[in-house]
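J.: Sharing data_22.cif here; it has mmCIF, C-alpha atoms.
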```cif
data_entry
#
loop_
_atom_site.label_atom_id
_atom_site.label_comp_id
_atom_site.auth_asym_id
_atom_site.auth_seq_id
_atom_site.Cartn_x
_atom_site.Cartn_y
_atom_site.Cartn_z
CA MET A 101 38.56 33.02 -82.07
CA LYS A 102 38.59 36.02 -79.80
CA LEU A 103 41.48 36.71 -77.44
CA VAL A 104 41.10 39.02 -74.43
CA TYR A 105 43.89 40.33 -72.23
CA PHE A 106 43.87 41.80 -68.73
CA ALA A 107 46.10 43.85 -66.40
CA TRP A 108 49.80 43.94 -67.39
CA VAL A 109 49.31 41.33 -70.11
CA ARG A 110 46.90 43.80 -71.77
CA GLU A 111 49.29 46.70 -71.24
CA ARG A 112 52.30 44.86 -72.66
CA ILE A 113 50.42 43.64 -75.76
CA GLY A 114 48.90 47.08 -76.16
CA LYS A 115 45.27 46.09 -76.78
CA PRO A 116 42.43 44.61 -74.75
CA GLU A 117 41.22 42.08 -77.34
CA GLU A 118 41.65 40.83 -80.88
CA GLU A 119 40.40 38.21 -83.32
CA ILE A 120 42.94 35.60 -84.38
CA ASP A 121 43.04 32.62 -86.71
CA PRO A 122 45.97 30.44 -85.64
CA PRO A 123 47.19 27.52 -87.79
CA ALA A 124 45.79 24.04 -87.11
CA SER A 125 49.06 23.00 -85.45
CA VAL A 126 48.18 25.29 -82.52
CA ARG A 127 46.16 22.88 -80.40
CA THR A 128 46.64 23.87 -76.76
CA ILE A 129 46.91 26.98 -74.62
CA GLY A 130 50.67 26.34 -74.44
CA ASP A 131 50.90 26.13 -78.23
CA LEU A 132 48.95 29.37 -78.50
CA VAL A 133 51.32 31.18 -76.11
CA THR A 134 54.31 30.00 -78.17
CA TRP A 135 52.63 31.05 -81.43
CA LEU A 136 51.63 34.47 -80.07
CA SER A 137 55.13 35.05 -78.69
CA GLY A 138 56.45 34.82 -82.23
CA ARG A 139 54.11 37.52 -83.54
CA GLY A 140 56.09 40.48 -82.24
CA GLU A 141 58.13 41.88 -79.41
CA GLU A 142 55.06 43.12 -77.51
CA TYR A 143 53.76 39.52 -77.35
CA ALA A 144 57.20 38.15 -76.49
CA TYR A 145 57.37 40.69 -73.64
CA ALA A 146 53.89 39.81 -72.34
CA PHE A 147 54.62 36.07 -72.37
CA GLU A 148 58.33 36.21 -71.45
CA ASN A 149 57.65 34.39 -68.17
CA ALA A 150 55.01 32.02 -69.54
CA LYS A 151 54.63 30.00 -66.36
CA VAL A 152 53.11 32.91 -64.44
CA ILE A 153 50.49 33.61 -67.13
CA ARG A 154 46.99 32.32 -66.38
CA ALA A 155 44.46 31.42 -69.04
CA ALA A 156 40.72 30.92 -69.33
CA ILE A 157 38.65 29.35 -72.09
CA ASP A 158 35.12 30.71 -72.37
CA LYS A 159 35.44 32.22 -68.88
CA THR A 160 36.67 29.07 -67.10
CA HIS A 161 40.20 28.68 -65.72
CA VAL A 162 42.33 26.20 -67.68
CA LYS A 163 45.90 24.92 -67.60
CA SER A 164 48.43 25.27 -70.41
CA ASP A 165 47.75 21.76 -71.76
CA ALA A 166 44.03 22.52 -72.32
CA ALA A 167 42.82 22.04 -75.90
CA ILE A 168 41.62 25.22 -77.60
CA GLY A 169 39.48 23.56 -80.27
CA GLY A 170 35.94 24.94 -80.17
CA ALA A 171 36.87 27.87 -77.92
CA HIS A 172 35.04 31.13 -78.59
CA GLU A 173 36.97 33.36 -76.20
CA ILE A 174 40.41 32.77 -74.69
CA ALA A 175 41.73 35.08 -71.97
CA PHE A 176 45.30 35.62 -70.78
CA PHE A 177 46.07 37.42 -67.54
CA PRO A 178 48.49 37.58 -64.58
CA PRO A 179 47.82 35.88 -61.22
CA MET A 180 44.74 37.44 -59.65
CA THR A 181 44.89 40.04 -56.90
CA GLY A 182 41.26 40.79 -56.00
CA GLY A 183 39.53 40.68 -52.64
CA MET B 155 22.38 34.03 -52.63
CA THR B 156 23.56 37.32 -54.06
CA VAL B 157 26.70 38.03 -56.09
CA ARG B 158 27.17 41.59 -57.31
CA LEU B 159 29.96 43.54 -58.99
CA GLN B 160 29.62 47.29 -58.93
CA ARG B 161 31.48 50.59 -59.08
CA GLU B 162 29.54 52.17 -56.24
CA ASP B 163 30.01 51.65 -52.53
CA PHE B 164 27.92 49.17 -50.55
CA ASP B 165 26.09 49.52 -47.23
CA ILE B 166 27.06 46.64 -44.94
CA GLY B 167 24.11 47.16 -42.59
CA ALA B 168 21.61 47.24 -45.45
CA GLU B 169 23.05 44.06 -46.98
CA ILE B 170 22.79 42.19 -43.67
CA ALA B 171 19.30 43.56 -42.98
CA ARG B 172 18.11 42.33 -46.38
CA MET B 173 19.42 38.83 -45.60
CA THR B 174 17.86 38.56 -42.16
CA ALA B 175 14.56 40.42 -42.65
CA GLY B 176 11.53 38.37 -41.61
CA ARG B 177 13.57 35.30 -40.70
CA THR B 178 13.81 33.64 -37.31
CA ASP B 179 15.94 30.64 -38.34
CA ILE B 180 19.17 32.60 -38.70
CA GLY B 181 21.30 32.53 -35.57
CA ALA B 182 24.60 33.75 -36.96
CA VAL B 183 25.81 36.40 -39.38
CA ALA B 184 29.53 36.52 -40.27
CA SER B 185 30.76 39.32 -42.48
CA PHE B 186 34.14 40.32 -43.91
CA THR B 187 34.86 43.71 -45.44
CA GLY B 188 38.04 44.38 -47.41
CA ILE B 189 39.16 48.02 -47.38
CA CYS B 190 41.65 49.89 -49.56
CA ARG B 191 44.83 50.58 -47.55
CA GLY B 192 46.81 53.77 -47.90
CA SER B 193 50.07 52.23 -46.74
CA GLU B 194 53.42 52.73 -48.47
CA GLY B 195 52.38 55.92 -50.23
CA VAL B 196 49.38 54.49 -52.08
CA VAL B 197 47.10 57.37 -53.10
CA ALA B 198 44.55 55.25 -55.00
CA MET B 199 44.06 51.87 -56.63
CA THR B 200 42.19 50.74 -59.70
CA LEU B 201 40.50 47.36 -59.77
CA GLU B 202 40.23 45.75 -63.18
CA HIS B 203 38.04 42.68 -63.68
CA TYR B 204 36.96 40.19 -66.34
CA PRO B 205 33.23 40.86 -66.76
CA GLY B 206 31.19 37.67 -66.83
CA MET B 207 33.97 35.44 -65.55
CA ALA B 208 34.35 37.30 -62.25
CA GLU B 209 30.67 36.79 -61.41
CA ALA B 210 30.79 33.16 -62.57
CA GLU B 211 33.87 32.32 -60.48
CA ILE B 212 32.40 33.87 -57.34
CA GLN B 213 29.07 32.12 -57.95
CA ARG B 214 30.89 28.79 -58.39
CA HIS B 215 32.54 29.19 -54.99
CA VAL B 216 29.29 30.30 -53.36
CA GLU B 217 27.77 27.01 -54.59
CA GLU B 218 30.79 25.14 -53.22
CA ALA B 219 30.35 26.86 -49.84
CA ARG B 220 26.66 25.94 -49.79
CA SER B 221 27.54 22.30 -50.40
CA ARG B 222 30.05 22.33 -47.53
CA TRP B 223 28.11 24.16 -44.82
CA PRO B 224 24.43 24.57 -43.85
CA LEU B 225 24.03 28.20 -44.90
CA SER B 226 20.88 30.30 -44.84
CA GLY B 227 22.30 32.90 -47.19
CA VAL B 228 25.44 34.30 -48.82
CA THR B 229 26.09 37.77 -50.20
CA VAL B 230 29.26 38.76 -52.05
CA VAL B 231 29.72 42.31 -53.35
CA HIS B 232 32.97 43.24 -55.11
CA ARG B 233 33.73 46.74 -56.37
CA TYR B 234 35.76 47.67 -59.43
CA GLY B 235 37.13 50.93 -60.79
CA ARG B 236 39.23 53.55 -58.97
CA LEU B 237 39.19 53.44 -55.17
CA GLN B 238 40.88 55.63 -52.61
CA PRO B 239 42.38 54.57 -49.26
CA GLY B 240 39.63 53.97 -46.73
CA GLU B 241 37.06 52.92 -49.31
CA ASN B 242 35.38 49.52 -49.24
CA ILE B 243 36.55 46.96 -51.81
CA VAL B 244 34.73 43.72 -51.06
CA LEU B 245 32.00 42.37 -48.79
CA VAL B 246 31.29 38.73 -47.93
CA VAL B 247 28.35 37.90 -45.65
CA ALA B 248 27.38 34.34 -44.68
CA THR B 249 24.35 33.51 -42.53
CA SER B 250 23.50 30.26 -40.83
CA SER B 251 21.75 28.77 -37.82
CA HIS B 252 25.05 28.57 -35.97
CA ARG B 253 28.31 30.47 -36.01
CA GLU B 254 30.70 27.72 -37.14
CA ALA B 255 29.21 27.49 -40.64
CA ALA B 256 28.92 31.27 -41.02
CA PHE B 257 32.53 31.94 -39.97
CA ALA B 258 33.97 29.10 -42.06
CA ALA B 259 32.00 29.94 -45.21
CA ALA B 260 32.96 33.62 -45.07
CA GLU B 261 36.64 32.75 -44.71
CA PHE B 262 36.48 30.07 -47.41
CA LEU B 263 34.87 32.51 -49.84
CA MET B 264 37.45 35.23 -49.20
CA ASP B 265 40.35 32.78 -49.56
CA TYR B 266 39.06 31.59 -52.95
CA LEU B 267 38.02 35.02 -54.13
CA LYS B 268 41.63 36.16 -53.65
CA VAL B 269 43.18 33.47 -55.83
CA SER B 270 40.54 32.58 -58.40
CA ALA B 271 38.21 35.52 -59.08
CA PRO B 272 39.62 37.49 -62.05
CA PHE B 273 40.38 40.87 -60.48
CA TRP B 274 43.65 42.80 -60.63
CA LYS B 275 44.74 45.76 -58.52
CA LYS B 276 46.90 48.57 -59.81
CA GLU B 277 48.24 50.98 -57.21
CA GLU B 278 48.90 54.67 -57.77
CA ARG B 279 51.83 56.17 -55.89
CA ALA B 280 53.59 59.51 -56.12
CA GLY B 281 56.48 57.72 -57.86
CA GLY B 282 54.27 56.00 -60.45
CA ASP B 283 51.76 53.20 -60.92
CA GLY B 284 52.30 49.49 -60.44
CA TRP B 285 50.33 46.25 -60.54
CA VAL B 286 50.00 44.47 -57.20
CA GLU B 287 51.79 41.12 -57.20
CA ALA B 288 49.95 38.00 -56.10
CA ARG B 289 51.00 36.88 -52.62
CA HIS B 290 52.14 33.33 -52.04
CA THR B 291 50.42 33.36 -48.63
CA ASP B 292 47.05 33.81 -50.40
CA ALA B 293 47.66 30.68 -52.48
CA VAL B 294 48.59 28.78 -49.32
CA ALA B 295 45.42 30.00 -47.55
CA ALA B 296 43.19 28.74 -50.39
CA GLU B 297 45.11 25.46 -50.65
CA ARG B 298 44.21 24.61 -47.06
CA TRP B 299 40.54 24.12 -48.06
CA THR B 300 41.31 21.36 -50.54
CA ALA B 301 40.55 17.73 -49.69
CA GLU B 302 44.11 17.04 -48.60
CA GLY B 303 44.26 20.09 -46.42
CA SER B 304 40.86 20.23 -44.73
CA THR B 305 39.79 18.39 -41.63
CA GLN B 306 36.86 15.99 -41.66
CA ASP B 307 34.32 18.48 -40.42
CA GLY B 308 35.22 20.87 -43.24
CA ARG B 309 36.80 23.42 -40.93
CA LYS B 310 40.07 25.01 -41.81
CA PRO B 311 43.09 23.54 -40.04
CA GLU B 312 45.73 25.74 -38.47
CA ALA B 313 48.37 27.16 -40.77
CA ALA B 314 51.44 24.98 -41.02
CA GLU B 315 53.81 27.92 -40.68
#
```
Mind converting the file's structure to structure tokens?
T.:
Amino acid sequence: MKLVYFAWVRERIGKPEEEIDPPASVRTIGDLVTWLSGRGEEYAYAFENAKVIRAAIDKTHVKSDAAIGGAHEIAFFPPMTGG
Amino acid sequence: MTVRLQREDFDIGAEIARMTAGRTDIGAVASFTGICRGSEGVVAMTLEHYPGMAEAEIQRHVEEARSRWPLSGVTVVHRYGRLQPGENIVLVVATSSHREAAFAAAEFLMDYLKVSAPFWKKEERAGGDGWVEARHTDAVAAERWTAEGSTQDGRKPEAAE
């Protein structure tokens, strides 16, 4: 699946997007955050305060308990500041 | 109904004229324009967005507004890219037969745009750049439109604070 990052999440991880293939035990957005955080210090830094991170599956807002099975594109980003 | 994201500026008068041209049923036009502030040493800001999702989120809330109020038309234009103080950022225009629906829909759309449309502002200052932090008051403003918070006629109740 494709991951996309925005704003300071993108800056901390150091790339705007990537393809990943997480193990089957990674079932939810929360699981994915935990798994990513273990991939390196840039991910740990981006997700250090996991409760402020927002997520979207296929361009729809979701909560951390949302299942990621079947997702094509998962986005992680900080709280929004548009308008 | 028009939702547009663009780098370039918008012309408020032209947007309103396009919505009202040839119509005699529209009695009210409410518009909100958000402008880049130059306060606290800000020399510019860059608006990042999530292409595809930003349009979809705004469109979803336009549909929600149309289901809540009798609207003749809605236009939302949001800019992205680098903006300088004094430049337009966002435009919301709602038209209706009467003012109540137009005012309420424009405010509803701005409140939700702030908290749910995927845009992020980064400010440039002489001392360095920094991402704007989300304001709790914006979350509270949007929360007031939910079923628990809104009055029976769909209008926004007074702030609790």
J.: Counting only C-alpha atoms, collect the residues of chain B whose closest atom lies at most 6 Å from chain A, and write them out as number ranges by chain.
T.: B: 207, 244, 268-269, 272-275, 288
J.: I'd like the neighbourhood of B:Asp163 as a list in words, where a residue qualifies if any of its atoms comes within 10 Å (using all atoms listed in the file), though same-chain residues fewer than 3 positions away should be ignored.
T.: Gln160, Ile166, Val231, His232, Arg233, Tyr234, Leu237, Glu241, Asn242, Ile243 and Val244 of chain B
J.: Could those residues be written to a file, using C-alpha atoms, as a compact mmCIF listing (two decimals), keeping the file's coordinate frame?
T.:
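again.txt, freshly written:
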```txt
# COMPACT_ATOMS: atom_id res chain seq x y z
CA GLN B 160 29.62 47.29 -58.93
CA ILE B 166 27.06 46.64 -44.94
CA VAL B 231 29.72 42.31 -53.35
CA HIS B 232 32.97 43.24 -55.11
CA ARG B 233 33.73 46.74 -56.37
CA TYR B 234 35.76 47.67 -59.43
CA LEU B 237 39.19 53.44 -55.17
CA GLU B 241 37.06 52.92 -49.31
CA ASN B 242 35.38 49.52 -49.24
CA ILE B 243 36.55 46.96 -51.81
CA VAL B 244 34.73 43.72 -51.06
```
J.: List every protein, DNA or RNA residue that has at least one atom no more than 12 Å from (27.8, 24.8, -52.0) in the file's coordinates, counting only C-alpha atoms, and write the result as a list of chain:residue names.
T.: B:Met155, B:Ile212, B:Gln213, B:Arg214, B:His215, B:Val216, B:Glu217, B:Glu218, B:Ala219, B:Arg220, B:Ser221, B:Arg222, B:Trp223, B:Pro224, B:Leu225, B:Ser226, B:Gly227, B:Val228, B:Ala255, B:Ala259, B:Phe262, B:Leu263
J.: As an exercise, work out the distance from atom CA of B:Phe186 to atom CA of B:Val246 in Å and give it to one decimal place.
T.: 5.2 Å
J.: Taking the file as shown, what set of residues would the PyMOL selection byres ((chain A and resi 125-139) around 9) give back, as a CSV table (one decimal) with C-alpha atoms, in the frame of the given file?
T.:
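As written to disk, part37.csv reads:
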```csv
chain,number,residue,atom,x,y,z
A,122,PRO,CA,46.0,30.4,-85.6
A,123,PRO,CA,47.2,27.5,-87.8
A,124,ALA,CA,45.8,24.0,-87.1
A,140,GLY,CA,56.1,40.5,-82.2
A,141,GLU,CA,58.1,41.9,-79.4
A,142,GLU,CA,55.1,43.1,-77.5
A,143,TYR,CA,53.8,39.5,-77.4
A,144,ALA,CA,57.2,38.2,-76.5
A,145,TYR,CA,57.4,40.7,-73.6
A,146,ALA,CA,53.9,39.8,-72.3
A,147,PHE,CA,54.6,36.1,-72.4
A,148,GLU,CA,58.3,36.2,-71.4
A,150,ALA,CA,55.0,32.0,-69.5
A,155,ALA,CA,44.5,31.4,-69.0
A,157,ILE,CA,38.6,29.4,-72.1
A,162,VAL,CA,42.3,26.2,-67.7
A,163,LYS,CA,45.9,24.9,-67.6
A,164,SER,CA,48.4,25.3,-70.4
A,165,ASP,CA,47.8,21.8,-71.8
A,166,ALA,CA,44.0,22.5,-72.3
A,167,ALA,CA,42.8,22.0,-75.9
A,168,ILE,CA,41.6,25.2,-77.6
A,169,GLY,CA,39.5,23.6,-80.3
A,174,ILE,CA,40.4,32.8,-74.7
```
J.: So the first atom is atom CA of B:Gly206 and the second is atom CA of B:Thr229; what is the distance between them in Å, to one decimal place?
T.: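 A separation of 17.4 Å between them.
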J.: Rounded to one decimal in Å, what is the spacing between atom CA of B:Thr187 and atom CA of B:Met173?
T.: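 Taking atom CA of B:Thr187 and atom CA of B:Met173, their separation equals 16.2 Å.
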J.: Run the PyMOL selection byres ((chain A and resi 116) around 9) on the file and write out the hits as a VMD selection string.
T.: chain A and resid 103 to 106 109 to 111 113 to 115 117 to 118
J.: Which residue is closest to B:Tyr266? Choose from B:Glu202, B:Glu287, B:Asp292, B:Glu194 and count only C-alpha atoms.
T.: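 With only C-alpha atoms as the atom set, the closest residue is B:Asp292.
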J.: Have a look at B:Glu277, B:Asp283, B:Gly181, B:Val157 and name the one nearest to B:Arg253; count all atoms listed in the file.
T.: B:Gly181
J.: Apply the PyMOL selection byres ((chain B and resi 200) around 6) to the displayed file and report the matching residues as a VMD selection string.
T.: chain B and resid 199 201 235 to 236 275 to 276
